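Working notes, beginning with the structure itself.
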Amino acid sequence: MAEQPREPQRPLPRLKELDTRAFWEATRNKELRYQRCDDCETVVFYPRRHCTGCLGSNLSWYTASGKGSIYSFSVVRQSYHPFFRSRVPYAVAWIDLDEGPRLLSNIVGVEDPGADLTIGQQVVVEWEEHEELSIPLFRPA
Ligand SMILES: [Zn+2]
């Protein structure tokens, strides 16, 4: 009997990468984590070993509420990747979390991203679960 073709999967981040491992491990528990410098209070995102404000290494982890707003976005209408091709049109957006980090993600839960999204719109995280981690996506709040 022929096997059913597997549905295309989202490409996932590598869990073993030293700087971002703690971030992705926390996503298993649906925690959206970021770093802040103990010395100068600069918010650091994406995760890394040094502060982008003072180059110090006294960074602590915090958990964001998952609420934020759209800083900017673009609508993808054509993709050659099998996973993303099935999702066009979709929005790729910079999200400003209420706590300060800015991260790149997708906006889900909208019919027509070109018409339904605006700069500054309030959004909230929605987790896409996978075996070893979850992907933080966002939907209008
Ligand atoms: Zn600093």
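Residues in the structure tokens are named by chain (A, B, ... in the order shown) and by number from 1 within that chain; ligands are numbered from 1 in the order shown.
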Next on the checklist: Could you list, as a VMD selection string, all residues that come within 8 Å of ligand 1? Count only C-alpha atoms and all ligand atoms.
Outcome noted: chain A and resid 36 to 42 50 to 59
Taking a cut-off of 8 Å and counting only C-alpha atoms, can you build a table that, for each residue of segment 37-79 of chain A near segment 16-19 of chain A, reports the nearest atom pair and how far apart they are in Å (one decimal), sorted by chain then residue number, as a tab-separated table?
residue	atom	partner	partner_atom	distance
A:Pro47	CA	A:Asp19	CA	5.8
A:Arg48	CA	A:Asp19	CA	4.8
A:Arg49	CA	A:Asp19	CA	6.4
Could you save those same residues with N, CA and C atoms as a PDB file, in the first residue's frame?
ATOM      1  N   PRO A  47      17.696  36.575  21.667  1.00  0.00           N
ATOM      2  CA  PRO A  47      18.561  36.219  22.785  1.00  0.00           C
ATOM      3  C   PRO A  47      20.029  36.101  22.370  1.00  0.00           C
ATOM      4  N   ARG A  48      20.904  36.561  23.268  1.00  0.00           N
ATOM      5  CA  ARG A  48      22.344  36.438  23.022  1.00  0.00           C
ATOM      6  C   ARG A  48      23.074  36.547  24.346  1.00  0.00           C
ATOM      7  N   ARG A  49      24.396  36.482  24.283  1.00  0.00           N
ATOM      8  CA  ARG A  49      25.192  36.427  25.511  1.00  0.00           C
ATOM      9  C   ARG A  49      25.638  37.791  26.008  1.00  0.00           C
TER      10      ARG A  49
END
Item to check | Selected residue of minimal separation from Thr20 of chain A among A:Gln35, A:Glu7, A:Tyr62, A:Tyr71, counting only C-alpha atoms | outcome: A:Gln35
Item to check | Between atom CA of Trp94 of chain A and atom CA of Glu129 of chain A - distance in Å to one decimal | outcome: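 Taking atom CA of Glu129 of chain A as the start and atom CA of Trp94 of chain A as the end point, the length is 20.9 Å.
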Next on the checklist: I need the residues of chain A that end up classed as strand (DSSP E) by DSSP on the backbone, written out as a PyMOL selection string.
Outcome noted: chain A and resi 32-37+43-44+59-64+67-76+90-97+102-107+122-129+134-140
Near-Ile119 of chain A list (8 Å; only C-alpha atoms; drop same-chain fewer than 3 positions) as an mmCIF file with N, CA and C atoms, in the first residue's frame:
data_model
loop_
_atom_site.group_PDB
_atom_site.id
_atom_site.type_symbol
_atom_site.label_atom_id
_atom_site.label_comp_id
_atom_site.auth_asym_id
_atom_site.auth_seq_id
_atom_site.Cartn_x
_atom_site.Cartn_y
_atom_site.Cartn_z
ATOM 1 N N SER A 69 1.823 45.112 19.690
ATOM 2 C CA SER A 69 1.189 45.804 18.573
ATOM 3 C C SER A 69 2.051 45.637 17.325
ATOM 4 N N ILE A 70 1.421 45.828 16.186
ATOM 5 C CA ILE A 70 2.114 45.673 14.903
ATOM 6 C C ILE A 70 2.951 46.920 14.638
ATOM 7 N N TYR A 71 4.267 46.740 14.546
ATOM 8 C CA TYR A 71 5.160 47.842 14.192
ATOM 9 C C TYR A 71 5.138 48.057 12.685
ATOM 10 N N SER A 72 5.206 46.954 11.943
ATOM 11 C CA SER A 72 5.135 47.009 10.485
ATOM 12 C C SER A 72 4.797 45.610 9.979
ATOM 13 N N PHE A 73 4.313 45.518 8.772
ATOM 14 C CA PHE A 73 4.021 44.196 8.224
ATOM 15 C C PHE A 73 4.058 44.222 6.705
#
Next on the checklist: I'd like to know which residues of segment 63-136 of chain A are helix (DSSP H, G or I) (by DSSP, run on the backbone); could you write them as a PyMOL selection string?
Outcome noted: chain A and resi 82-85+113-116
Output file for the selection above: N, CA and C atoms, as a tab-separated table (two decimals), in the first residue's frame:
chain	number	residue	atom	x	y	z
A	82	PRO	N	6.88	24.66	0.16
A	82	PRO	CA	5.61	23.92	0.20
A	82	PRO	C	4.73	24.25	1.40
A	83	PHE	N	5.34	24.47	2.58
A	83	PHE	CA	4.53	24.79	3.76
A	83	PHE	C	3.88	26.15	3.62
A	84	PHE	N	4.67	27.16	3.26
A	84	PHE	CA	4.16	28.52	3.21
A	84	PHE	C	3.26	28.76	2.00
A	85	ARG	N	3.50	27.99	0.93
A	85	ARG	CA	2.68	28.14	-0.27
A	85	ARG	C	1.20	27.90	0.04
A	113	PRO	N	-5.16	39.67	5.02
A	113	PRO	CA	-4.19	40.47	5.78
A	113	PRO	C	-3.94	41.85	5.19
A	114	GLY	N	-4.08	42.00	3.87
A	114	GLY	CA	-3.87	43.30	3.25
A	114	GLY	C	-4.91	44.32	3.65
A	115	ALA	N	-6.12	43.85	3.97
A	115	ALA	CA	-7.21	44.76	4.32
A	115	ALA	C	-7.49	44.77	5.82
A	116	ASP	N	-7.17	43.69	6.52
A	116	ASP	CA	-7.60	43.55	7.92
A	116	ASP	C	-6.55	43.97	8.94
Item to check | Which of A:Thr118, A:Ser86, A:Ile135, A:Ser79 sits closest to Ser105 of chain A [using only C-alpha atoms] | outcome: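 Of the candidates, the smallest distance to Ser105 of chain A is held by A:Ile135.
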Checklist entry - Excluding same-chain residues fewer than 3 positions from segment 75-78 of chain A, what lies within 6 Å of it counting only C-alpha atoms, as a PyMOL selection string? => result chain A and resi 88-91
Suppose we keep N, CA and C atoms; can you now write the selection as a PDB file, in the first residue's frame?
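See selection-v9.pdb below for the written result:
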ATOM      1  N   VAL A  88      -0.598  31.282   1.666  1.00  0.00           N
ATOM      2  CA  VAL A  88      -0.717  32.617   1.063  1.00  0.00           C
ATOM      3  C   VAL A  88      -2.188  32.977   0.851  1.00  0.00           C
ATOM      4  N   PRO A  89      -2.550  34.269   0.918  1.00  0.00           N
ATOM      5  CA  PRO A  89      -1.699  35.358   1.384  1.00  0.00           C
ATOM      6  C   PRO A  89      -1.603  35.344   2.918  1.00  0.00           C
ATOM      7  N   TYR A  90      -0.399  35.646   3.436  1.00  0.00           N
ATOM      8  CA  TYR A  90      -0.244  35.736   4.895  1.00  0.00           C
ATOM      9  C   TYR A  90       0.648  36.922   5.226  1.00  0.00           C
ATOM     10  N   ALA A  91       0.559  37.350   6.466  1.00  0.00           N
ATOM     11  CA  ALA A  91       1.297  38.540   6.892  1.00  0.00           C
ATOM     12  C   ALA A  91       2.539  38.148   7.673  1.00  0.00           C
TER      13      ALA A  91
END
